[in-house]
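Structure below is structure_31.txt: compact mmCIF, C-alpha atoms and all ligand atoms.
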```txt
# COMPACT_ATOMS: atom_id res chain seq x y z
CA MET A 23 -52.71 63.95 -4.85
CA ILE A 24 -54.67 61.05 -6.40
CA PRO A 25 -54.82 58.18 -3.87
CA ARG A 26 -53.06 55.00 -4.91
CA LYS A 27 -55.25 52.17 -6.23
CA ARG A 28 -55.42 49.41 -3.61
CA ILE A 29 -54.92 45.75 -4.51
CA LEU A 30 -55.12 42.63 -2.30
CA ILE A 31 -52.80 39.80 -3.41
CA THR A 32 -53.42 36.44 -1.72
CA GLY A 33 -50.50 34.01 -1.78
CA ALA A 34 -48.20 37.05 -1.82
CA ALA A 35 -45.28 35.22 -0.15
CA GLY A 36 -45.29 32.51 -2.81
CA PHE A 37 -43.46 32.30 -6.11
CA LEU A 38 -46.01 34.02 -8.35
CA GLY A 39 -47.62 36.20 -5.65
CA SER A 40 -44.28 37.78 -4.79
CA HIS A 41 -43.50 38.63 -8.43
CA LEU A 42 -47.00 40.09 -8.83
CA SER A 43 -46.50 42.14 -5.65
CA ASP A 44 -43.27 43.53 -7.12
CA ARG A 45 -45.02 44.45 -10.37
CA PHE A 46 -47.97 46.22 -8.75
CA ILE A 47 -45.67 48.10 -6.36
CA ARG A 48 -43.65 49.22 -9.40
CA GLU A 49 -46.85 50.39 -11.09
CA GLY A 50 -47.64 52.62 -8.08
CA PHE A 51 -50.35 50.55 -6.37
CA HIS A 52 -50.86 50.11 -2.65
CA VAL A 53 -50.35 46.36 -2.25
CA ILE A 54 -51.90 44.36 0.59
CA GLY A 55 -50.25 40.95 0.72
CA MET A 56 -51.95 38.06 2.49
CA ASP A 57 -50.51 34.60 3.04
CA ASN A 58 -50.51 31.88 5.71
CA LEU A 59 -47.01 30.74 4.65
CA ILE A 60 -48.08 27.11 4.24
CA THR A 61 -45.92 26.82 1.11
CA GLY A 62 -44.64 30.40 0.86
CA ASP A 63 -41.59 32.14 2.29
CA LEU A 64 -41.40 35.64 3.74
CA ARG A 65 -37.95 36.04 2.20
CA ASN A 66 -39.70 36.41 -1.18
CA ILE A 67 -41.23 39.71 -0.07
CA GLU A 68 -38.95 40.96 2.73
CA HIS A 69 -37.60 43.67 0.42
CA LEU A 70 -41.13 45.13 0.28
CA PHE A 71 -41.61 45.48 4.05
CA PRO A 72 -39.91 48.89 4.37
CA LEU A 73 -42.21 50.40 1.71
CA GLU A 74 -45.11 52.57 2.82
CA ASN A 75 -47.29 51.25 -0.01
CA PHE A 76 -46.96 47.62 1.09
CA GLU A 77 -48.61 45.84 4.00
CA PHE A 78 -48.73 42.16 4.86
CA TYR A 79 -51.14 39.96 6.81
CA ASN A 80 -50.36 36.41 7.90
CA HIS A 81 -53.81 34.91 7.43
CA ASP A 82 -55.46 31.74 6.13
CA VAL A 83 -57.93 32.91 3.46
CA SER A 84 -60.04 29.77 3.96
CA LYS A 85 -61.17 31.60 7.11
CA PHE A 86 -63.17 34.84 7.02
CA VAL A 87 -61.14 37.56 5.26
CA TYR A 88 -61.32 41.15 6.44
CA VAL A 89 -59.56 44.09 4.82
CA ALA A 90 -60.04 47.64 6.12
CA GLY A 91 -60.71 50.49 3.71
CA GLU A 92 -61.31 50.54 0.01
CA LEU A 93 -60.17 47.80 -2.32
CA ASP A 94 -60.03 48.26 -6.09
CA TYR A 95 -58.63 44.88 -7.11
CA ILE A 96 -58.07 41.39 -5.74
CA LEU A 97 -55.66 38.79 -7.15
CA HIS A 98 -56.43 35.38 -5.63
CA PHE A 99 -53.22 33.32 -5.88
CA ALA A 100 -53.27 31.53 -2.53
CA SER A 101 -53.13 27.76 -3.05
CA PRO A 102 -50.57 25.00 -2.84
CA ALA A 103 -49.43 24.60 -6.43
CA SER A 104 -46.86 21.85 -6.82
CA PRO A 105 -47.97 18.21 -6.91
CA ILE A 106 -45.99 17.24 -3.79
CA ASP A 107 -47.49 20.18 -1.89
CA TYR A 108 -51.08 19.44 -2.74
CA LEU A 109 -50.61 15.73 -2.15
CA ARG A 110 -49.15 16.53 1.31
CA ILE A 111 -51.95 18.97 2.22
CA PRO A 112 -54.96 17.84 0.17
CA ILE A 113 -57.69 19.14 2.51
CA GLN A 114 -56.17 22.63 2.76
CA THR A 115 -55.91 22.63 -1.04
CA LEU A 116 -59.60 21.82 -1.42
CA LYS A 117 -60.51 24.36 1.26
CA VAL A 118 -58.62 27.28 -0.26
CA GLY A 119 -60.15 26.50 -3.66
CA SER A 120 -63.68 26.40 -2.23
CA LEU A 121 -64.03 28.21 1.13
CA GLY A 122 -61.18 30.58 0.24
CA ILE A 123 -62.66 31.66 -3.08
CA HIS A 124 -66.08 32.10 -1.46
CA ASN A 125 -64.56 34.45 1.13
CA LEU A 126 -62.72 36.45 -1.51
CA LEU A 127 -65.69 36.74 -3.85
CA GLY A 128 -67.75 37.95 -0.89
CA LEU A 129 -65.05 40.47 -0.06
CA ALA A 130 -64.93 41.62 -3.70
CA ARG A 131 -68.70 42.07 -3.68
CA SER A 132 -68.73 44.06 -0.46
CA LYS A 133 -65.89 46.33 -1.65
CA ASN A 134 -67.00 46.49 -5.27
CA SER A 135 -63.55 45.23 -6.35
CA ARG A 136 -62.54 43.52 -9.56
CA ILE A 137 -61.17 40.05 -8.81
CA LEU A 138 -58.78 37.94 -10.89
CA ILE A 139 -58.29 34.30 -9.90
CA ALA A 140 -55.37 31.99 -10.59
CA SER A 141 -56.66 28.92 -12.34
CA THR A 142 -54.48 26.36 -14.03
CA SER A 143 -53.85 24.15 -17.04
CA GLU A 144 -54.69 21.31 -14.61
CA VAL A 145 -58.38 22.05 -15.25
CA TYR A 146 -57.72 20.22 -18.55
CA GLY A 147 -56.48 17.17 -16.59
CA ASP A 148 -54.75 14.61 -18.82
CA PRO A 149 -55.86 16.30 -22.03
CA THR A 150 -56.99 14.39 -25.09
CA VAL A 151 -56.47 17.42 -27.35
CA ASN A 152 -53.21 19.23 -27.85
CA PRO A 153 -52.69 22.19 -27.67
CA GLN A 154 -55.48 23.01 -25.22
CA PRO A 155 -57.84 25.86 -26.15
CA GLU A 156 -60.03 27.44 -23.45
CA GLU A 157 -63.10 25.74 -24.98
CA TYR A 158 -61.75 22.27 -24.11
CA TRP A 159 -63.64 20.89 -21.08
CA GLY A 160 -60.84 18.70 -19.83
CA ASN A 161 -60.25 15.13 -18.73
CA VAL A 162 -59.93 15.12 -14.93
CA ASN A 163 -60.13 12.17 -12.56
CA PRO A 164 -62.00 13.66 -9.56
CA VAL A 165 -60.99 10.87 -7.17
CA GLY A 166 -57.37 10.46 -8.29
CA PRO A 167 -54.55 12.01 -6.23
CA ARG A 168 -54.44 15.17 -8.37
CA GLY A 169 -58.23 15.58 -8.10
CA VAL A 170 -57.85 17.63 -4.91
CA TYR A 171 -56.13 20.37 -6.87
CA ASP A 172 -57.83 20.02 -10.25
CA GLU A 173 -61.36 19.91 -8.87
CA ALA A 174 -60.70 22.74 -6.40
CA LYS A 175 -59.58 24.90 -9.33
CA ARG A 176 -62.55 23.85 -11.46
CA PHE A 177 -64.93 24.66 -8.60
CA GLN A 178 -63.12 27.99 -8.16
CA GLU A 179 -63.78 28.86 -11.80
CA ALA A 180 -67.46 27.83 -11.51
CA MET A 181 -67.94 29.90 -8.34
CA THR A 182 -66.25 32.91 -9.93
CA MET A 183 -68.47 32.68 -13.03
CA ALA A 184 -71.55 32.38 -10.80
CA TYR A 185 -70.64 35.60 -8.97
CA HIS A 186 -70.06 37.23 -12.34
CA THR A 187 -73.39 36.20 -13.87
CA PHE A 188 -75.55 36.29 -10.72
CA HIS A 189 -74.09 39.31 -8.91
CA GLY A 190 -72.58 41.14 -11.87
CA LEU A 191 -69.15 41.06 -10.20
CA GLU A 192 -66.16 42.05 -12.34
CA THR A 193 -64.15 38.83 -12.61
CA ARG A 194 -61.15 37.56 -14.56
CA ILE A 195 -59.83 33.99 -14.82
CA VAL A 196 -56.28 33.16 -15.86
CA ARG A 197 -55.42 29.55 -16.68
CA ILE A 198 -51.71 29.40 -15.93
CA PHE A 199 -49.49 26.82 -17.62
CA ASN A 200 -46.19 25.62 -16.06
CA THR A 201 -44.28 28.73 -15.04
CA TYR A 202 -40.72 28.98 -13.74
CA GLY A 203 -38.22 31.52 -12.50
CA PRO A 204 -36.41 32.84 -9.43
CA ARG A 205 -38.14 32.26 -6.04
CA MET A 206 -39.43 28.80 -6.89
CA ARG A 207 -38.64 26.56 -3.94
CA LEU A 208 -35.68 24.34 -4.74
CA ASN A 209 -37.43 21.44 -2.96
CA ASP A 210 -40.99 21.98 -4.18
CA GLY A 211 -40.81 18.84 -6.31
CA ARG A 212 -41.65 20.54 -9.60
CA VAL A 213 -39.50 19.29 -12.42
CA LEU A 214 -37.33 22.37 -12.95
CA PRO A 215 -36.22 22.90 -9.32
CA ALA A 216 -35.97 19.11 -8.92
CA PHE A 217 -33.56 18.74 -11.88
CA ILE A 218 -31.49 21.84 -11.06
CA GLY A 219 -31.30 20.87 -7.36
CA GLN A 220 -30.14 17.39 -8.31
CA ALA A 221 -27.51 18.81 -10.68
CA LEU A 222 -26.24 21.20 -7.98
CA ARG A 223 -25.98 18.36 -5.44
CA GLY A 224 -24.26 16.03 -7.91
CA GLU A 225 -27.19 13.60 -8.01
CA ASP A 226 -28.76 11.85 -10.97
CA LEU A 227 -31.81 13.56 -12.51
CA THR A 228 -35.04 11.67 -11.71
CA VAL A 229 -37.20 11.42 -14.83
CA PHE A 230 -40.68 10.09 -14.08
CA GLY A 231 -41.97 7.56 -16.60
CA ASP A 232 -40.06 7.29 -19.88
CA GLY A 233 -39.82 11.09 -20.14
CA SER A 234 -41.98 11.25 -23.27
CA GLN A 235 -44.65 13.35 -21.51
CA THR A 236 -44.56 16.99 -22.56
CA ARG A 237 -44.81 20.36 -20.81
CA SER A 238 -44.47 23.97 -22.06
CA PHE A 239 -42.54 26.26 -19.72
CA CYS A 240 -43.24 29.97 -19.38
CA TYR A 241 -40.83 32.43 -17.76
CA VAL A 242 -42.37 34.28 -14.82
CA ASP A 243 -41.97 37.82 -16.22
CA ASP A 244 -44.00 36.85 -19.30
CA LEU A 245 -46.74 35.39 -17.11
CA VAL A 246 -46.89 38.51 -14.93
CA GLU A 247 -47.26 40.69 -18.02
CA GLY A 248 -50.13 38.50 -19.27
CA ILE A 249 -51.90 38.68 -15.90
CA TYR A 250 -51.43 42.45 -15.76
CA ARG A 251 -53.03 42.84 -19.19
CA LEU A 252 -55.87 40.45 -18.37
CA LEU A 253 -56.76 42.31 -15.16
CA PHE A 254 -57.20 45.56 -17.08
CA SER A 255 -59.02 43.94 -20.02
CA ASP A 256 -62.79 43.63 -20.10
CA TYR A 257 -62.79 39.86 -20.75
CA PRO A 258 -64.49 37.71 -18.08
CA MET A 259 -64.00 34.25 -19.62
CA PRO A 260 -60.91 32.11 -18.87
CA VAL A 261 -57.69 32.95 -20.75
CA ASN A 262 -54.69 30.62 -21.13
CA ILE A 263 -51.36 32.23 -20.31
CA GLY A 264 -48.32 30.10 -21.06
CA ASN A 265 -45.52 29.53 -23.49
CA PRO A 266 -46.47 27.19 -26.35
CA ASP A 267 -42.87 25.98 -26.79
CA GLU A 268 -43.54 22.31 -25.94
CA ILE A 269 -40.77 19.90 -24.91
CA THR A 270 -40.59 16.34 -23.59
CA ILE A 271 -39.36 15.91 -20.01
CA LYS A 272 -36.46 13.81 -21.31
CA GLU A 273 -35.34 16.61 -23.65
CA PHE A 274 -35.80 19.05 -20.79
CA GLY A 275 -33.50 16.92 -18.62
CA GLU A 276 -30.90 17.01 -21.40
CA GLU A 277 -31.14 20.80 -21.50
CA ILE A 278 -30.58 21.00 -17.73
CA ILE A 279 -27.58 18.66 -17.96
CA LYS A 280 -26.07 20.92 -20.64
CA LEU A 281 -26.88 24.14 -18.75
CA THR A 282 -25.45 23.00 -15.44
CA GLY A 283 -22.53 20.99 -16.84
CA THR A 284 -23.33 18.15 -14.43
CA LYS A 285 -21.63 14.81 -15.07
CA GLN A 286 -24.68 12.96 -13.71
CA LYS A 287 -27.15 11.05 -15.86
CA MET A 288 -30.92 10.70 -16.02
CA VAL A 289 -32.53 7.84 -14.10
CA TYR A 290 -36.08 6.64 -14.66
CA ASN A 291 -38.69 6.36 -11.85
CA PRO A 292 -42.37 5.35 -12.08
CA LEU A 293 -44.76 7.91 -13.55
CA PRO A 294 -47.08 9.35 -10.86
CA THR A 295 -50.79 8.44 -11.15
CA ASP A 296 -52.74 10.62 -13.61
CA ASP A 297 -49.62 12.56 -14.68
CA PRO A 298 -50.73 14.42 -17.85
CA LYS A 299 -49.04 13.02 -20.97
CA GLN A 300 -49.10 16.24 -22.93
CA ARG A 301 -49.59 19.92 -22.20
CA ARG A 302 -49.32 22.95 -24.41
CA PRO A 303 -51.36 26.14 -24.28
CA ASP A 304 -53.32 27.41 -27.23
CA ILE A 305 -52.74 31.15 -26.75
CA THR A 306 -54.82 32.41 -29.67
CA LYS A 307 -57.13 34.23 -27.22
CA ALA A 308 -54.33 35.89 -25.24
CA ARG A 309 -52.77 37.05 -28.52
CA LYS A 310 -56.05 38.47 -29.78
CA ILE A 311 -57.62 39.91 -26.64
CA LEU A 312 -54.50 40.98 -24.72
CA SER A 313 -52.03 41.42 -27.61
CA TRP A 314 -49.83 39.23 -25.44
CA GLU A 315 -47.32 36.54 -26.23
CA PRO A 316 -44.27 35.28 -24.35
CA LYS A 317 -40.98 37.06 -25.06
CA VAL A 318 -38.40 35.11 -23.02
CA ASN A 319 -37.05 31.98 -24.67
CA ARG A 320 -36.29 28.92 -22.56
CA ALA A 321 -32.51 29.20 -22.85
CA ASP A 322 -32.50 32.75 -21.42
CA GLY A 323 -35.12 32.02 -18.75
CA LEU A 324 -33.33 28.87 -17.60
CA LYS A 325 -30.01 30.70 -17.32
CA ILE A 326 -31.54 33.39 -15.05
CA THR A 327 -33.26 30.73 -12.94
CA TYR A 328 -30.12 28.59 -12.66
CA ASP A 329 -28.10 31.64 -11.53
CA TYR A 330 -30.75 32.28 -8.85
CA PHE A 331 -30.61 28.71 -7.51
CA LYS A 332 -26.80 28.72 -7.57
CA SER A 333 -26.77 31.87 -5.44
CA LEU A 334 -28.77 30.23 -2.61
CA PRO A 335 -26.94 29.32 0.61
CA GLU A 336 -25.17 25.94 0.39
CA GLN A 337 -27.31 24.53 3.22
CA GLU A 338 -30.49 25.26 1.31
CA ILE A 339 -29.20 23.55 -1.83
CA LYS A 340 -28.27 20.47 0.22
CA HIS A 341 -31.57 20.40 2.13
CA LYS A 342 -33.86 18.36 -0.08
CA ASP A 343 -36.59 17.31 2.36
CA PHE A 344 -40.02 18.49 1.39
P1 LIG B 401 -46.56 28.88 -4.17
O1 LIG B 401 -46.77 27.65 -3.35
O2 LIG B 401 -45.18 29.41 -4.33
O3 LIG B 401 -47.48 30.07 -3.68
C1 LIG B 401 -48.75 29.87 -3.11
C2 LIG B 401 -48.86 30.76 -1.89
O4 LIG B 401 -50.19 30.64 -1.34
C3 LIG B 401 -47.89 30.37 -0.78
O5 LIG B 401 -47.17 31.49 -0.34
C4 LIG B 401 -48.79 29.79 0.30
O6 LIG B 401 -48.26 29.94 1.60
C5 LIG B 401 -50.08 30.55 0.08
N1 LIG B 401 -51.27 29.88 0.58
C6 LIG B 401 -51.68 28.62 0.33
N2 LIG B 401 -52.85 28.37 0.96
C7 LIG B 401 -53.19 29.52 1.61
C8 LIG B 401 -54.28 29.90 2.43
N3 LIG B 401 -55.27 29.04 2.74
N4 LIG B 401 -54.31 31.16 2.94
C9 LIG B 401 -53.32 32.05 2.65
N5 LIG B 401 -52.26 31.74 1.88
C10 LIG B 401 -52.19 30.50 1.37
O7 LIG B 401 -47.19 28.55 -5.62
P2 LIG B 401 -47.16 29.42 -6.96
O8 LIG B 401 -46.47 28.65 -7.99
O9 LIG B 401 -46.74 30.80 -6.68
O10 LIG B 401 -48.72 29.40 -7.33
C11 LIG B 401 -49.54 30.53 -7.06
C12 LIG B 401 -50.92 30.32 -7.68
O11 LIG B 401 -50.80 30.13 -9.09
C13 LIG B 401 -51.66 29.09 -7.14
O12 LIG B 401 -53.03 29.41 -7.02
C14 LIG B 401 -51.45 28.07 -8.22
O13 LIG B 401 -52.51 27.13 -8.26
C15 LIG B 401 -51.43 28.92 -9.47
N6 LIG B 401 -50.68 28.28 -10.57
C16 LIG B 401 -49.32 28.24 -10.57
C17 LIG B 401 -48.66 27.62 -11.62
C18 LIG B 401 -47.15 27.60 -11.71
O14 LIG B 401 -46.62 27.06 -12.68
N7 LIG B 401 -46.41 28.17 -10.79
C19 LIG B 401 -49.38 27.00 -12.64
C20 LIG B 401 -50.77 27.03 -12.58
C21 LIG B 401 -51.41 27.69 -11.55
N1 LIG B 402 -41.14 15.14 -13.26
C1 LIG B 402 -40.03 14.35 -13.43
N2 LIG B 402 -39.09 14.33 -12.44
C2 LIG B 402 -39.21 15.05 -11.29
C3 LIG B 402 -40.34 15.87 -11.13
C4 LIG B 402 -41.30 15.88 -12.13
O1 LIG B 402 -39.88 13.69 -14.46
O2 LIG B 402 -38.31 14.96 -10.44
C5 LIG B 402 -42.15 15.16 -14.33
C6 LIG B 402 -43.60 14.98 -13.86
O3 LIG B 402 -43.92 13.60 -13.77
C7 LIG B 402 -44.36 15.67 -14.96
C8 LIG B 402 -43.42 16.81 -15.40
O4 LIG B 402 -42.13 16.45 -14.93
O5 LIG B 402 -44.57 14.82 -16.05
C9 LIG B 402 -43.78 18.16 -14.81
O6 LIG B 402 -43.97 18.00 -13.42
P1 LIG B 402 -44.22 19.20 -12.43
O7 LIG B 402 -44.44 18.62 -11.08
O8 LIG B 402 -43.17 20.21 -12.60
O9 LIG B 402 -45.56 19.88 -12.97
P2 LIG B 402 -46.97 19.34 -13.46
O10 LIG B 402 -47.00 17.84 -13.52
O11 LIG B 402 -47.92 19.88 -12.47
O12 LIG B 402 -47.10 19.92 -14.81
```

In structure tokens, write the structure found in this file.
Amino acid sequence: MIPRKRILITGAAGFLGSHLSDRFIREGFHVIGMDNLITGDLRNIEHLFPLENFEFYNHDVSKFVYVAGELDYILHFASPASPIDYLRIPIQTLKVGSLGIHNLLGLARSKNSRILIASTSEVYGDPTVNPQPEEYWGNVNPVGPRGVYDEAKRFQEAMTMAYHTFHGLETRIVRIFNTYGPRMRLNDGRVLPAFIGQALRGEDLTVFGDGSQTRSFCYVDDLVEGIYRLLFSDYPMPVNIGNPDEITIKEFGEEIIKLTGTKQKMVYNPLPTDDPKQRRPDITKARKILSWEPKVNRADGLKITYDYFKSLPEQEIKHKDF
């Protein structure tokens, strides 16, 4: 029997890490999940625990990372990801993006593994070009509140490229744009769970600023497919994966009001510092190199996600503390 390929997924108990774990299990891999549960939830992966081709380690990857045996691939997804998370734990965010990536690149080198890292559209900061192609260098405020996340991710990309060019390591970089779907935390502060949570609790929807800022939302299954293709491509430079269907936050609020049938209205709160005014991926590269493009339209993706949030225990829906 051919032994299963072995893959380490950091951040496995989080939103994206758990969906990636599911996909690689389905594809017949041996998946080693690692997570310190700082923003993750074991319930996202509890269905995998009985499987013989899944193992899990509760570990902070900013500390030395050890994995026994061979390792073919590493997906580095561990990091706080929502603005309220990384503002609450800024030092851990900087550490996982710097010390954490150094540990994982060292591990990849010692095991001769291919490593794919989760970068983000936040490397473009508050972009002055729209849509954002990979060649755009970005507009980030290093000392603003979001700098802890944006700069950690930019450093992570630089470190990964250095290991690629200096050590010849096989590396891949995915720049992920706003992604949504089941297993997001209802209270993680991101706009979609925030709006749906508010609708479910009968509260007004809190739009930050005048709601004219834009985002482009990608359904999680599309993202996972893009990451899967990128890992097995031979392309080491960053690739945007996201859905180019751009919408203002005000229009998005209107869609959520329609979807949920809430009688509540939108209320306007101050715009957080350095909140990007526009964001839309240029996915020319993903189309060309990976033959990838998103398949799930927002109406279908939102319906699935709303059904997931509705099915959560009442207590969880009511509990809105972060
Ligand atoms: P998430 O918070 O649901 O998952 C992150 C996981 O990483 C959590 O389970 C958390 O406990 C774990 N983690 C954090 N620090 C750790 C550490 N030091 N050691 C071990 N585990 C640690 O967030 P997500 O949305 O699933 O994001 C996953 C990755 O994708 C992150 O790297 C994020 O920056 C990136 N990303 C996500 C999006 C998005 O829209 N969801 C967009 C761009 C980039
Ligand atoms: N946002 C909002 N109301 C909320 C939460 C977020 O209007 O309750 C806005 C936020 O200011 C931003 C957009 O929605 O302009 C997307 O925010 P999110 O935190 O989801 O992601 P990011 O800013 O990282 O793209």

Requested in this report: Name the residues in contact with Asp172 of chain A at a cut-off of 6 Å, using all atoms listed in the file, excluding same-chain residues fewer than 3 positions from it; report them as a ChimeraX atom specification.
Outcome: /A:144-145,169,175

Query raised in the report: A:Phe239, A:Tyr250, A:Phe331, A:Phe217: which is nearest Lys280 of chain A, counting all atoms listed in the file?
Result: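 Of the candidates, the smallest distance to Lys280 of chain A is held by A:Phe217.
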
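Atom C18 of ligand LIG 401 (chain B) sits 9.2 Å away from atom CA of Met206 of chain A.
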
Query - Å distance separating atom P1 of ligand LIG 402 (chain B) from atom CA of Ile311 of chain A, one decimal place - result: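 The value is 28.5 Å.
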
Query - Site check for ligand LIG 401 (chain B): residues at most 8 Å away, all atoms listed in the file, as a PyMOL selection string - result: chain A and resi 32-40+56-63+80-85+98-104+107+114-115+117-118+122+139-144+171+175+197-202+205-207

Query raised in the report: Excluding same-chain residues fewer than 4 positions from segment 149-151 of chain A, what lies within 8 Å of it counting only C-alpha atoms, as a list of chain:residue names?
Result: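 Surrounding residues, per the criterion: A:Tyr158, A:Gly160, A:Asn161, A:Pro298, A:Lys299, A:Gln300, A:Arg301.
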
Query raised in the report: Between A:Gly323, A:Pro335, A:Pro215, A:Pro167, which is the closest to ligand LIG 402 (chain B) once you count all atoms listed in the file?
Result: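 When distances to ligand LIG 402 (chain B) are compared using all atoms listed in the file, the smallest one comes from A:Pro215.
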
Query raised in the report: Which neighbours of Asn265 of chain A fall inside 10 Å, counting only C-alpha atoms, when residues of the same chain fewer than 6 positions from it are skipped, and could you give them as a list in words?
Result: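 Here the qualifying residues turn out to be Ile198, Phe199, Asn200, Thr201, Arg237, Ser238, Phe239, Cys240, Tyr241, Asp244, Leu245, Arg302, Pro303, Asp304, Ile305, Glu315, Pro316, Lys317, Val318, Asn319 and Arg320 of chain A.
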
Next, the residues of the selection above should be written as a PDB file, in the frame of the given file with C-alpha atoms.
```
ATOM      1  CA  ILE A 198     -51.710  29.400 -15.930  1.00  0.00           C
ATOM      2  CA  PHE A 199     -49.490  26.820 -17.620  1.00  0.00           C
ATOM      3  CA  ASN A 200     -46.190  25.620 -16.060  1.00  0.00           C
ATOM      4  CA  THR A 201     -44.280  28.730 -15.040  1.00  0.00           C
ATOM      5  CA  ARG A 237     -44.810  20.360 -20.810  1.00  0.00           C
ATOM      6  CA  SER A 238     -44.470  23.970 -22.060  1.00  0.00           C
ATOM      7  CA  PHE A 239     -42.540  26.260 -19.720  1.00  0.00           C
ATOM      8  CA  CYS A 240     -43.240  29.970 -19.380  1.00  0.00           C
ATOM      9  CA  TYR A 241     -40.830  32.430 -17.760  1.00  0.00           C
ATOM     10  CA  ASP A 244     -44.000  36.850 -19.300  1.00  0.00           C
ATOM     11  CA  LEU A 245     -46.740  35.390 -17.110  1.00  0.00           C
ATOM     12  CA  ARG A 302     -49.320  22.950 -24.410  1.00  0.00           C
ATOM     13  CA  PRO A 303     -51.360  26.140 -24.280  1.00  0.00           C
ATOM     14  CA  ASP A 304     -53.320  27.410 -27.230  1.00  0.00           C
ATOM     15  CA  ILE A 305     -52.740  31.150 -26.750  1.00  0.00           C
ATOM     16  CA  GLU A 315     -47.320  36.540 -26.230  1.00  0.00           C
ATOM     17  CA  PRO A 316     -44.270  35.280 -24.350  1.00  0.00           C
ATOM     18  CA  LYS A 317     -40.980  37.060 -25.060  1.00  0.00           C
ATOM     19  CA  VAL A 318     -38.400  35.110 -23.020  1.00  0.00           C
ATOM     20  CA  ASN A 319     -37.050  31.980 -24.670  1.00  0.00           C
ATOM     21  CA  ARG A 320     -36.290  28.920 -22.560  1.00  0.00           C
TER      22      ARG A 320
END
```

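Taking only C-alpha atoms and all ligand atoms into account, the protein and nucleic acid residues that come at most 7 Å from ligand LIG 402 (chain B) are Ser104, Pro105, Asn200, Gly211, Arg212, Val213, Leu214, Ala216, Phe217, Leu227, Thr228, Val229, Phe230, Gly231, Gly233, Gln235, Thr236, Arg237, Ile271, Leu293, Pro294, Asp297, Pro298 and Lys299 of chain A.
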
Query - Residue nearest Val261 of chain A - candidates A:Pro155, A:Gly128, A:Gly166, A:Gly55, atoms counted: all atoms listed in the file - result: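 Using all atoms listed in the file, the shortest distance to Val261 of chain A belongs to A:Pro155.
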
Report task. Would you mind reading off the distance between atom CA of Ala308 of chain A and atom CA of Glu157 of chain A, one decimal, in Å? Result -> 13.4 Å
